[in-house]
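*Asks:* My structure is in coords_23.cif, and what it holds is mmCIF, N, CA and C atoms:
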```cif
data_my_file
loop_
_atom_site.label_atom_id
_atom_site.label_comp_id
_atom_site.auth_asym_id
_atom_site.auth_seq_id
_atom_site.Cartn_x
_atom_site.Cartn_y
_atom_site.Cartn_z
N MET A 1 -37.61 -16.69 2.29
CA MET A 1 -37.34 -18.08 2.51
C MET A 1 -36.86 -18.26 3.94
N GLU A 2 -37.50 -19.17 4.67
CA GLU A 2 -37.15 -19.45 6.06
C GLU A 2 -35.93 -20.35 6.12
N PRO A 3 -34.99 -20.04 7.01
CA PRO A 3 -33.84 -20.94 7.15
C PRO A 3 -34.27 -22.24 7.80
N SER A 4 -33.69 -23.31 7.37
CA SER A 4 -33.99 -24.60 7.97
C SER A 4 -33.42 -24.63 9.37
N PRO A 5 -33.96 -25.48 10.25
CA PRO A 5 -33.45 -25.53 11.63
C PRO A 5 -31.95 -25.80 11.69
N LYS A 6 -31.44 -26.58 10.77
CA LYS A 6 -30.01 -26.88 10.78
C LYS A 6 -29.20 -25.61 10.50
N ASP A 7 -29.67 -24.79 9.50
CA ASP A 7 -28.99 -23.54 9.20
C ASP A 7 -29.07 -22.58 10.37
N GLY A 8 -30.22 -22.52 11.01
CA GLY A 8 -30.40 -21.63 12.15
C GLY A 8 -29.50 -22.01 13.31
N GLU A 9 -29.35 -23.33 13.53
CA GLU A 9 -28.49 -23.78 14.61
C GLU A 9 -27.03 -23.42 14.35
N SER A 10 -26.57 -23.61 13.11
CA SER A 10 -25.18 -23.30 12.81
C SER A 10 -24.95 -21.80 12.87
N ALA A 11 -25.95 -21.00 12.47
CA ALA A 11 -25.81 -19.55 12.55
C ALA A 11 -25.75 -19.10 14.00
N ALA A 12 -26.57 -19.73 14.87
CA ALA A 12 -26.55 -19.36 16.28
C ALA A 12 -25.24 -19.78 16.93
N ALA A 13 -24.71 -20.90 16.48
CA ALA A 13 -23.45 -21.36 17.06
C ALA A 13 -22.28 -20.49 16.63
N ALA A 14 -22.37 -19.92 15.43
CA ALA A 14 -21.27 -19.11 14.92
C ALA A 14 -21.27 -17.71 15.52
N GLU A 15 -22.42 -17.22 15.98
CA GLU A 15 -22.49 -15.88 16.55
C GLU A 15 -22.44 -15.96 18.06
N PRO A 16 -21.42 -15.35 18.67
CA PRO A 16 -21.30 -15.40 20.12
C PRO A 16 -22.43 -14.68 20.84
N GLY A 17 -23.02 -13.69 20.19
CA GLY A 17 -24.10 -12.92 20.82
C GLY A 17 -25.37 -13.71 20.99
N ARG A 18 -25.55 -14.83 20.30
CA ARG A 18 -26.77 -15.63 20.39
C ARG A 18 -26.67 -16.76 21.42
N GLY A 19 -25.60 -16.81 22.12
CA GLY A 19 -25.49 -17.81 23.16
C GLY A 19 -24.81 -19.09 22.72
N GLY A 20 -24.51 -19.23 21.47
CA GLY A 20 -23.84 -20.43 20.98
C GLY A 20 -22.34 -20.26 21.11
N THR A 21 -21.64 -21.36 20.93
CA THR A 21 -20.18 -21.29 20.94
C THR A 21 -19.68 -21.50 19.52
N ALA A 22 -18.70 -20.73 19.13
CA ALA A 22 -18.15 -20.83 17.79
C ALA A 22 -17.30 -22.09 17.69
N PRO A 23 -17.54 -22.89 16.67
CA PRO A 23 -16.75 -24.11 16.51
C PRO A 23 -15.32 -23.77 16.11
N SER A 24 -14.37 -24.52 16.62
CA SER A 24 -12.96 -24.31 16.30
C SER A 24 -12.53 -25.36 15.30
N SER A 25 -12.36 -24.95 14.04
CA SER A 25 -12.01 -25.92 13.01
C SER A 25 -10.51 -25.97 12.76
N GLY A 26 -9.75 -24.98 13.23
CA GLY A 26 -8.31 -24.99 13.05
C GLY A 26 -7.86 -24.60 11.66
N VAL A 27 -8.72 -23.95 10.89
CA VAL A 27 -8.37 -23.54 9.54
C VAL A 27 -7.79 -22.14 9.59
N VAL A 28 -6.65 -21.97 8.94
CA VAL A 28 -6.01 -20.66 8.88
C VAL A 28 -6.26 -20.09 7.49
N VAL A 29 -6.80 -18.88 7.45
CA VAL A 29 -7.08 -18.22 6.19
C VAL A 29 -6.14 -17.04 6.06
N GLN A 30 -5.46 -16.95 4.94
CA GLN A 30 -4.55 -15.84 4.71
C GLN A 30 -5.12 -14.97 3.60
N VAL A 31 -5.20 -13.68 3.86
CA VAL A 31 -5.70 -12.73 2.88
C VAL A 31 -4.52 -11.91 2.39
N ARG A 32 -4.36 -11.87 1.09
CA ARG A 32 -3.26 -11.11 0.51
C ARG A 32 -3.85 -10.14 -0.52
N GLU A 33 -3.48 -8.87 -0.38
CA GLU A 33 -3.98 -7.85 -1.28
C GLU A 33 -3.26 -7.95 -2.62
N LYS A 34 -4.04 -7.94 -3.68
CA LYS A 34 -3.45 -7.96 -5.01
C LYS A 34 -3.29 -6.51 -5.47
N LYS A 35 -2.05 -6.13 -5.75
CA LYS A 35 -1.76 -4.76 -6.15
C LYS A 35 -1.58 -4.69 -7.65
N GLY A 36 -2.02 -3.58 -8.23
CA GLY A 36 -1.75 -3.31 -9.63
C GLY A 36 -0.31 -2.89 -9.81
N PRO A 37 0.14 -2.74 -11.05
CA PRO A 37 1.54 -2.40 -11.28
C PRO A 37 1.95 -1.04 -10.70
N LEU A 38 1.07 -0.06 -10.72
CA LEU A 38 1.43 1.25 -10.15
C LEU A 38 1.57 1.18 -8.64
N ARG A 39 0.62 0.52 -7.97
CA ARG A 39 0.71 0.40 -6.51
C ARG A 39 1.88 -0.47 -6.09
N ALA A 40 2.17 -1.51 -6.85
CA ALA A 40 3.28 -2.40 -6.52
C ALA A 40 4.63 -1.72 -6.75
N ALA A 41 4.64 -0.64 -7.52
CA ALA A 41 5.89 0.07 -7.80
C ALA A 41 6.27 1.06 -6.71
N ILE A 42 5.42 1.23 -5.69
CA ILE A 42 5.76 2.14 -4.59
C ILE A 42 6.97 1.56 -3.85
N PRO A 43 8.04 2.33 -3.72
CA PRO A 43 9.26 1.79 -3.10
C PRO A 43 9.19 1.73 -1.58
N TYR A 44 9.92 0.76 -1.03
CA TYR A 44 10.11 0.66 0.41
C TYR A 44 11.26 1.59 0.78
N MET A 45 10.94 2.76 1.30
CA MET A 45 11.94 3.78 1.60
C MET A 45 12.23 3.83 3.09
N PRO A 46 13.32 4.49 3.47
CA PRO A 46 13.52 4.75 4.90
C PRO A 46 12.38 5.61 5.43
N PHE A 47 12.02 5.42 6.69
CA PHE A 47 10.86 6.08 7.28
C PHE A 47 10.89 7.60 7.13
N PRO A 48 12.00 8.30 7.44
CA PRO A 48 11.99 9.77 7.30
C PRO A 48 11.74 10.23 5.85
N VAL A 49 12.27 9.50 4.88
CA VAL A 49 12.06 9.86 3.48
C VAL A 49 10.58 9.68 3.11
N ALA A 50 9.97 8.60 3.61
CA ALA A 50 8.55 8.36 3.33
C ALA A 50 7.67 9.46 3.93
N VAL A 51 8.02 9.93 5.13
CA VAL A 51 7.25 11.00 5.77
C VAL A 51 7.39 12.29 4.97
N ILE A 52 8.59 12.57 4.48
CA ILE A 52 8.80 13.76 3.65
C ILE A 52 7.98 13.66 2.36
N CYS A 53 7.96 12.49 1.75
CA CYS A 53 7.17 12.30 0.52
C CYS A 53 5.68 12.47 0.80
N LEU A 54 5.20 11.97 1.94
CA LEU A 54 3.79 12.18 2.32
C LEU A 54 3.51 13.67 2.48
N PHE A 55 4.39 14.38 3.15
CA PHE A 55 4.24 15.82 3.35
C PHE A 55 4.19 16.54 1.99
N LEU A 56 5.11 16.19 1.09
CA LEU A 56 5.13 16.81 -0.23
C LEU A 56 3.86 16.50 -1.01
N ASN A 57 3.41 15.24 -0.96
CA ASN A 57 2.20 14.85 -1.67
C ASN A 57 0.96 15.54 -1.12
N THR A 58 0.98 15.87 0.17
CA THR A 58 -0.17 16.52 0.77
C THR A 58 -0.33 17.95 0.27
N PHE A 59 0.78 18.64 0.08
CA PHE A 59 0.70 20.06 -0.29
C PHE A 59 0.91 20.31 -1.79
N VAL A 60 1.65 19.47 -2.48
CA VAL A 60 1.84 19.59 -3.93
C VAL A 60 1.60 18.20 -4.53
N PRO A 61 0.40 17.93 -4.99
CA PRO A 61 0.07 16.58 -5.48
C PRO A 61 1.08 16.06 -6.51
N GLY A 62 1.59 14.86 -6.26
CA GLY A 62 2.51 14.22 -7.18
C GLY A 62 3.97 14.47 -6.91
N LEU A 63 4.30 15.51 -6.15
CA LEU A 63 5.71 15.85 -5.92
C LEU A 63 6.41 14.77 -5.09
N GLY A 64 5.76 14.28 -4.04
CA GLY A 64 6.35 13.22 -3.23
C GLY A 64 6.50 11.93 -4.00
N THR A 65 5.55 11.64 -4.86
CA THR A 65 5.63 10.45 -5.70
C THR A 65 6.78 10.59 -6.70
N PHE A 66 6.96 11.79 -7.22
CA PHE A 66 8.07 12.07 -8.13
C PHE A 66 9.41 11.86 -7.42
N VAL A 67 9.53 12.35 -6.19
CA VAL A 67 10.75 12.18 -5.41
C VAL A 67 10.99 10.70 -5.11
N SER A 68 9.92 9.98 -4.80
CA SER A 68 10.06 8.56 -4.47
C SER A 68 10.55 7.74 -5.67
N ALA A 69 10.28 8.22 -6.87
CA ALA A 69 10.76 7.51 -8.06
C ALA A 69 12.29 7.45 -8.08
N PHE A 70 12.91 8.48 -7.58
CA PHE A 70 14.38 8.52 -7.58
C PHE A 70 14.98 7.61 -6.52
N THR A 71 14.19 7.26 -5.49
CA THR A 71 14.70 6.32 -4.49
C THR A 71 14.83 4.92 -5.10
N VAL A 72 14.04 4.65 -6.12
CA VAL A 72 14.16 3.36 -6.82
C VAL A 72 15.53 3.28 -7.50
N LEU A 73 15.96 4.40 -8.09
CA LEU A 73 17.28 4.42 -8.73
C LEU A 73 18.41 4.32 -7.71
N CYS A 74 18.09 4.66 -6.45
CA CYS A 74 19.10 4.56 -5.38
C CYS A 74 19.07 3.20 -4.69
N GLY A 75 18.25 2.28 -5.20
CA GLY A 75 18.24 0.92 -4.67
C GLY A 75 17.07 0.55 -3.78
N ALA A 76 16.05 1.40 -3.68
CA ALA A 76 14.89 1.04 -2.87
C ALA A 76 14.16 -0.14 -3.50
N ARG A 77 13.73 -1.06 -2.65
CA ARG A 77 13.05 -2.28 -3.10
C ARG A 77 11.57 -1.99 -3.34
N THR A 78 10.95 -2.72 -4.25
CA THR A 78 9.51 -2.60 -4.51
C THR A 78 8.90 -4.00 -4.53
N ASP A 79 7.59 -4.05 -4.74
CA ASP A 79 6.91 -5.34 -4.86
C ASP A 79 6.92 -5.85 -6.31
N LEU A 80 7.76 -5.27 -7.14
CA LEU A 80 7.93 -5.71 -8.53
C LEU A 80 9.37 -6.18 -8.75
N PRO A 81 9.77 -7.29 -8.13
CA PRO A 81 11.16 -7.71 -8.24
C PRO A 81 11.55 -8.20 -9.63
N ASP A 82 10.55 -8.61 -10.43
CA ASP A 82 10.85 -9.13 -11.76
C ASP A 82 10.99 -8.04 -12.81
N ARG A 83 10.68 -6.81 -12.45
CA ARG A 83 10.80 -5.70 -13.40
C ARG A 83 12.13 -4.99 -13.23
N HIS A 84 12.63 -4.43 -14.31
CA HIS A 84 13.90 -3.70 -14.28
C HIS A 84 13.73 -2.39 -13.53
N MET A 85 14.81 -1.91 -12.93
CA MET A 85 14.80 -0.69 -12.14
C MET A 85 14.25 0.50 -12.93
N CYS A 86 14.63 0.62 -14.18
CA CYS A 86 14.17 1.75 -15.00
C CYS A 86 12.67 1.69 -15.25
N CYS A 87 12.14 0.47 -15.42
CA CYS A 87 10.70 0.30 -15.63
C CYS A 87 9.93 0.75 -14.39
N VAL A 88 10.42 0.36 -13.23
CA VAL A 88 9.77 0.75 -11.98
C VAL A 88 9.88 2.27 -11.77
N PHE A 89 11.02 2.84 -12.14
CA PHE A 89 11.20 4.29 -12.07
C PHE A 89 10.13 4.99 -12.91
N TRP A 90 9.95 4.54 -14.15
CA TRP A 90 8.98 5.17 -15.04
C TRP A 90 7.54 4.93 -14.59
N LEU A 91 7.27 3.81 -13.94
CA LEU A 91 5.93 3.60 -13.38
C LEU A 91 5.64 4.63 -12.28
N ASN A 92 6.64 4.93 -11.46
CA ASN A 92 6.46 5.94 -10.42
C ASN A 92 6.31 7.34 -11.02
N ILE A 93 7.06 7.62 -12.08
CA ILE A 93 6.90 8.92 -12.77
C ILE A 93 5.50 9.02 -13.36
N ALA A 94 5.00 7.92 -13.94
CA ALA A 94 3.64 7.91 -14.50
C ALA A 94 2.61 8.16 -13.41
N ALA A 95 2.79 7.54 -12.24
CA ALA A 95 1.86 7.76 -11.13
C ALA A 95 1.88 9.23 -10.70
N ALA A 96 3.08 9.82 -10.65
CA ALA A 96 3.20 11.24 -10.28
C ALA A 96 2.48 12.13 -11.30
N LEU A 97 2.66 11.82 -12.59
CA LEU A 97 1.99 12.61 -13.63
C LEU A 97 0.47 12.48 -13.54
N ILE A 98 -0.01 11.28 -13.28
CA ILE A 98 -1.46 11.08 -13.12
C ILE A 98 -1.97 11.92 -11.95
N GLN A 99 -1.22 11.93 -10.85
CA GLN A 99 -1.64 12.71 -9.68
C GLN A 99 -1.63 14.20 -9.99
N ILE A 100 -0.62 14.68 -10.70
CA ILE A 100 -0.53 16.10 -11.03
C ILE A 100 -1.65 16.51 -11.98
N LEU A 101 -1.87 15.71 -13.02
CA LEU A 101 -2.86 16.07 -14.04
C LEU A 101 -4.29 15.98 -13.55
N THR A 102 -4.56 15.08 -12.60
CA THR A 102 -5.94 14.95 -12.11
C THR A 102 -6.17 15.70 -10.80
N ALA A 103 -5.18 16.44 -10.34
CA ALA A 103 -5.33 17.22 -9.10
C ALA A 103 -6.35 18.34 -9.27
N ILE A 104 -6.56 18.78 -10.50
CA ILE A 104 -7.51 19.87 -10.76
C ILE A 104 -8.91 19.48 -10.32
N VAL A 105 -9.27 18.21 -10.48
CA VAL A 105 -10.60 17.75 -10.10
C VAL A 105 -10.57 17.02 -8.75
N MET A 106 -9.55 17.26 -7.94
CA MET A 106 -9.38 16.72 -6.60
C MET A 106 -9.05 15.23 -6.54
N VAL A 107 -9.28 14.49 -7.61
CA VAL A 107 -8.99 13.06 -7.63
C VAL A 107 -7.50 12.82 -7.43
N GLY A 108 -6.69 13.58 -8.15
CA GLY A 108 -5.24 13.43 -8.05
C GLY A 108 -4.71 13.81 -6.68
N TRP A 109 -5.32 14.81 -6.07
CA TRP A 109 -4.86 15.23 -4.75
C TRP A 109 -5.15 14.13 -3.72
N ILE A 110 -6.35 13.58 -3.78
CA ILE A 110 -6.71 12.49 -2.86
C ILE A 110 -5.83 11.28 -3.13
N MET A 111 -5.63 10.95 -4.41
CA MET A 111 -4.76 9.83 -4.76
C MET A 111 -3.34 10.07 -4.24
N SER A 112 -2.89 11.29 -4.36
CA SER A 112 -1.54 11.66 -3.92
C SER A 112 -1.38 11.47 -2.41
N ILE A 113 -2.38 11.87 -1.64
CA ILE A 113 -2.33 11.71 -0.19
C ILE A 113 -2.33 10.23 0.19
N PHE A 114 -3.19 9.45 -0.46
CA PHE A 114 -3.22 8.01 -0.18
C PHE A 114 -1.91 7.34 -0.58
N TRP A 115 -1.32 7.80 -1.68
CA TRP A 115 -0.03 7.28 -2.13
C TRP A 115 1.03 7.53 -1.07
N GLY A 116 1.03 8.75 -0.52
CA GLY A 116 1.98 9.08 0.54
C GLY A 116 1.76 8.25 1.79
N MET A 117 0.49 7.99 2.12
CA MET A 117 0.20 7.15 3.28
C MET A 117 0.69 5.72 3.03
N ASP A 118 0.53 5.22 1.82
CA ASP A 118 1.06 3.89 1.48
C ASP A 118 2.58 3.86 1.62
N MET A 119 3.25 4.95 1.23
CA MET A 119 4.71 5.02 1.38
C MET A 119 5.12 4.90 2.85
N VAL A 120 4.39 5.59 3.72
CA VAL A 120 4.70 5.54 5.15
C VAL A 120 4.41 4.14 5.71
N ILE A 121 3.31 3.53 5.28
CA ILE A 121 2.98 2.18 5.74
C ILE A 121 4.06 1.19 5.31
N LEU A 122 4.50 1.28 4.05
CA LEU A 122 5.56 0.39 3.58
C LEU A 122 6.87 0.64 4.30
N ALA A 123 7.17 1.89 4.61
CA ALA A 123 8.39 2.21 5.35
C ALA A 123 8.32 1.64 6.77
N THR A 124 7.13 1.68 7.36
CA THR A 124 6.95 1.11 8.70
C THR A 124 7.15 -0.40 8.66
N GLU A 125 6.60 -1.07 7.63
CA GLU A 125 6.79 -2.51 7.47
C GLU A 125 8.27 -2.83 7.31
N ARG A 126 8.97 -2.02 6.53
CA ARG A 126 10.41 -2.22 6.31
C ARG A 126 11.17 -2.08 7.62
N ARG A 127 10.75 -1.08 8.40
CA ARG A 127 11.40 -0.82 9.69
C ARG A 127 11.15 -1.98 10.66
N CYS A 128 9.92 -2.52 10.68
CA CYS A 128 9.59 -3.63 11.57
C CYS A 128 10.33 -4.89 11.16
N ARG A 129 10.44 -5.14 9.84
CA ARG A 129 11.18 -6.32 9.37
C ARG A 129 12.65 -6.22 9.75
N ALA A 130 13.21 -5.01 9.63
CA ALA A 130 14.62 -4.82 9.97
C ALA A 130 14.83 -5.02 11.48
N ALA A 131 13.89 -4.55 12.29
CA ALA A 131 14.01 -4.74 13.73
C ALA A 131 13.87 -6.21 14.09
N GLY A 132 12.98 -6.92 13.40
CA GLY A 132 12.81 -8.35 13.64
C GLY A 132 14.03 -9.14 13.23
N ALA A 133 14.69 -8.73 12.17
CA ALA A 133 15.89 -9.42 11.71
C ALA A 133 17.04 -9.21 12.68
N ASN A 134 17.07 -8.05 13.34
CA ASN A 134 18.13 -7.77 14.31
C ASN A 134 17.96 -8.56 15.60
N LEU A 135 16.73 -9.00 15.88
CA LEU A 135 16.48 -9.77 17.10
C LEU A 135 16.99 -11.19 16.98
N HIS A 136 17.10 -11.70 15.76
CA HIS A 136 17.53 -13.11 15.57
C HIS A 136 18.99 -13.22 15.34
#
```
Would you mind giving the structure from this file in structure tokens?

*Replies:*
Amino acid sequence: MEPSPKDGESAAAAEPGRGGTAPSSGVVVQVREKKGPLRAAIPYMPFPVAVICLFLNTFVPGLGTFVSAFTVLCGARTDLPDRHMCCVFWLNIAAALIQILTAIVMVGWIMSIFWGMDMVILATERRCRAAGANLH
């Protein structure tokens, strides 16, 4: 199906490589990742603790996730504010068990490494928010 001239013109205008100019509509689009309960239960830890958990998860799948579960009991915040601390603790223990049990087929090991990377990313966000709060 051939595009109509009107469609072709708008496509050329939207692509800078075709010589057109992109229209400025002033619309702001916000993309927010929807996390499942296990991913949302990853705690916001201090940066050094998150790096240690990543290191542990890299060499012993699930161990860093298991350690991170105890940071929830020590007051670490998660993206599940409506859930009780014990529930979030057990969600992290469940994630660690899944990583340990599926490490035999490499799925758990890969999941464990990604989990550790998420811990470091969340710790970095926590660190940036704290630095931003200190500036005001």

*Asks:* Can you turn the PyMOL selection byres ((chain A and resi 43) around 8) into a concrete residue list for this file, as a list in words?

*Replies:* Arg39, Ala40, Ala41, Ile42, Tyr44, Met45, Pro46, Ser68, Ala69, Thr71, Val72, Gly75, Ala76, Arg77, Thr78, Asp79, Asn92, Asp118, Met119, Leu122 and Ala123 of chain A

*Asks:* Closest to A:Phe55 among A:Met106, A:Val29, A:Leu101, A:Ile113, using only N, CA and C atoms?

*Replies:*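 Between A:Met106, A:Val29, A:Leu101, A:Ile113, the residue approaching A:Phe55 most closely is A:Ile113.
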
*Asks:* What would the selection look like, as a VMD selection string, if the PyMOL selection byres (((chain A and resi 56-65 and name CA) around 6) and name CA) were run on the coordinates I just shared?

*Replies:* chain A and resid 53 to 55 66 to 68 96 99 to 100 109 112 to 113

*Asks:* Using atom CA of A:Ile110 and atom CA of A:Cys128 as the two end points, give the distance in Å to one decimal.

*Replies:* 27.1 Å

*Asks:* Would you mind reading off the distance between atom N of A:Lys35 and atom CA of A:Leu80, one decimal, in Å?

*Replies:*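 According to the coordinates, atom N of A:Lys35 and atom CA of A:Leu80 are separated by 10.4 Å.
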
*Asks:* Let's see if you can do this: from backbone DSSP, list all helix (DSSP H, G or I) residues in stretch 22-103 of chain A, as a count of residues only.

*Replies:* 46

*Asks:* Set the distance at 6.5 Å and use only N, CA and C atoms: which residues neighbour A:Phe89 once local chain neighbours fewer than 2 positions away are removed? I'd like the list as a ChimeraX atom specification.

*Replies:* /A:69-70,72-73,84-87,91-94

*Asks:* Go through A:Arg127, A:Glu33, A:Leu38, A:Gly26 and flag the residue nearest A:Met111, using only C-alpha atoms for the distances.

*Replies:*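 The answer is A:Leu38, which sits nearest to A:Met111.
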
*Asks:* Once all heavy atoms are restored for stretch 69-79 of chain A, what would the output be as a CSV table (one decimal), keeping the file's coordinate frame?

*Replies:*
```csv
chain,number,residue,atom,x,y,z
A,69,ALA,N,10.3,8.2,-6.9
A,69,ALA,CA,10.8,7.5,-8.1
A,69,ALA,C,12.3,7.4,-8.1
A,69,ALA,O,12.9,6.5,-8.5
A,69,ALA,CB,10.2,8.2,-9.3
A,70,PHE,N,12.9,8.5,-7.6
A,70,PHE,CA,14.4,8.5,-7.6
A,70,PHE,C,15.0,7.6,-6.5
A,70,PHE,O,16.1,7.2,-6.6
A,70,PHE,CB,14.9,10.0,-7.4
A,70,PHE,CG,14.6,10.8,-8.7
A,70,PHE,CD1,13.5,11.5,-8.8
A,70,PHE,CD2,15.5,10.7,-9.8
A,70,PHE,CE1,13.2,12.3,-9.9
A,70,PHE,CE2,15.2,11.4,-10.9
A,70,PHE,CZ,14.1,12.2,-11.0
A,71,THR,N,14.2,7.3,-5.5
A,71,THR,CA,14.7,6.3,-4.5
A,71,THR,C,14.8,4.9,-5.1
A,71,THR,O,15.6,4.1,-4.6
A,71,THR,CB,13.8,6.3,-3.2
A,71,THR,OG1,12.5,5.8,-3.6
A,71,THR,CG2,13.7,7.6,-2.6
A,72,VAL,N,14.0,4.6,-6.1
A,72,VAL,CA,14.2,3.4,-6.8
A,72,VAL,C,15.5,3.3,-7.5
A,72,VAL,O,16.2,2.2,-7.5
A,72,VAL,CB,13.0,3.2,-7.9
A,72,VAL,CG1,13.2,2.0,-8.7
A,72,VAL,CG2,11.7,3.1,-7.2
A,73,LEU,N,16.0,4.4,-8.1
A,73,LEU,CA,17.3,4.4,-8.7
A,73,LEU,C,18.4,4.3,-7.7
A,73,LEU,O,19.5,3.9,-8.0
A,73,LEU,CB,17.4,5.7,-9.6
A,73,LEU,CG,16.5,5.9,-10.7
A,73,LEU,CD1,16.7,7.2,-11.4
A,73,LEU,CD2,16.6,4.7,-11.7
A,74,CYS,N,18.1,4.7,-6.4
A,74,CYS,CA,19.1,4.6,-5.4
A,74,CYS,C,19.1,3.2,-4.7
A,74,CYS,O,19.7,3.0,-3.7
A,74,CYS,CB,18.9,5.7,-4.4
A,74,CYS,SG,19.2,7.3,-5.0
A,75,GLY,N,18.2,2.3,-5.2
A,75,GLY,CA,18.2,0.9,-4.7
A,75,GLY,C,17.1,0.6,-3.8
A,75,GLY,O,17.1,-0.5,-3.2
A,76,ALA,N,16.0,1.4,-3.7
A,76,ALA,CA,14.9,1.0,-2.9
A,76,ALA,C,14.2,-0.1,-3.5
A,76,ALA,O,14.0,-0.2,-4.7
A,76,ALA,CB,13.9,2.2,-2.7
A,77,ARG,N,13.7,-1.1,-2.6
A,77,ARG,CA,13.0,-2.3,-3.1
A,77,ARG,C,11.6,-2.0,-3.3
A,77,ARG,O,11.0,-1.1,-2.7
A,77,ARG,CB,13.2,-3.3,-2.0
A,77,ARG,CG,12.8,-4.7,-2.4
A,77,ARG,CD,13.1,-5.7,-1.3
A,77,ARG,NE,12.4,-5.4,-0.1
A,77,ARG,CZ,11.1,-5.8,0.1
A,77,ARG,NH1,10.4,-6.4,-0.8
A,77,ARG,NH2,10.5,-5.5,1.3
A,78,THR,N,11.0,-2.7,-4.2
A,78,THR,CA,9.5,-2.6,-4.5
A,78,THR,C,8.9,-4.0,-4.5
A,78,THR,O,9.6,-5.0,-4.4
A,78,THR,CB,9.2,-1.9,-5.9
A,78,THR,OG1,9.7,-2.8,-6.9
A,78,THR,CG2,9.9,-0.6,-6.0
A,79,ASP,N,7.6,-4.0,-4.7
A,79,ASP,CA,6.9,-5.3,-4.9
A,79,ASP,C,6.9,-5.8,-6.3
A,79,ASP,O,6.2,-6.8,-6.6
A,79,ASP,CB,5.5,-5.2,-4.4
A,79,ASP,CG,5.4,-5.1,-2.9
A,79,ASP,OD1,6.3,-5.6,-2.2
A,79,ASP,OD2,4.4,-4.5,-2.4
```
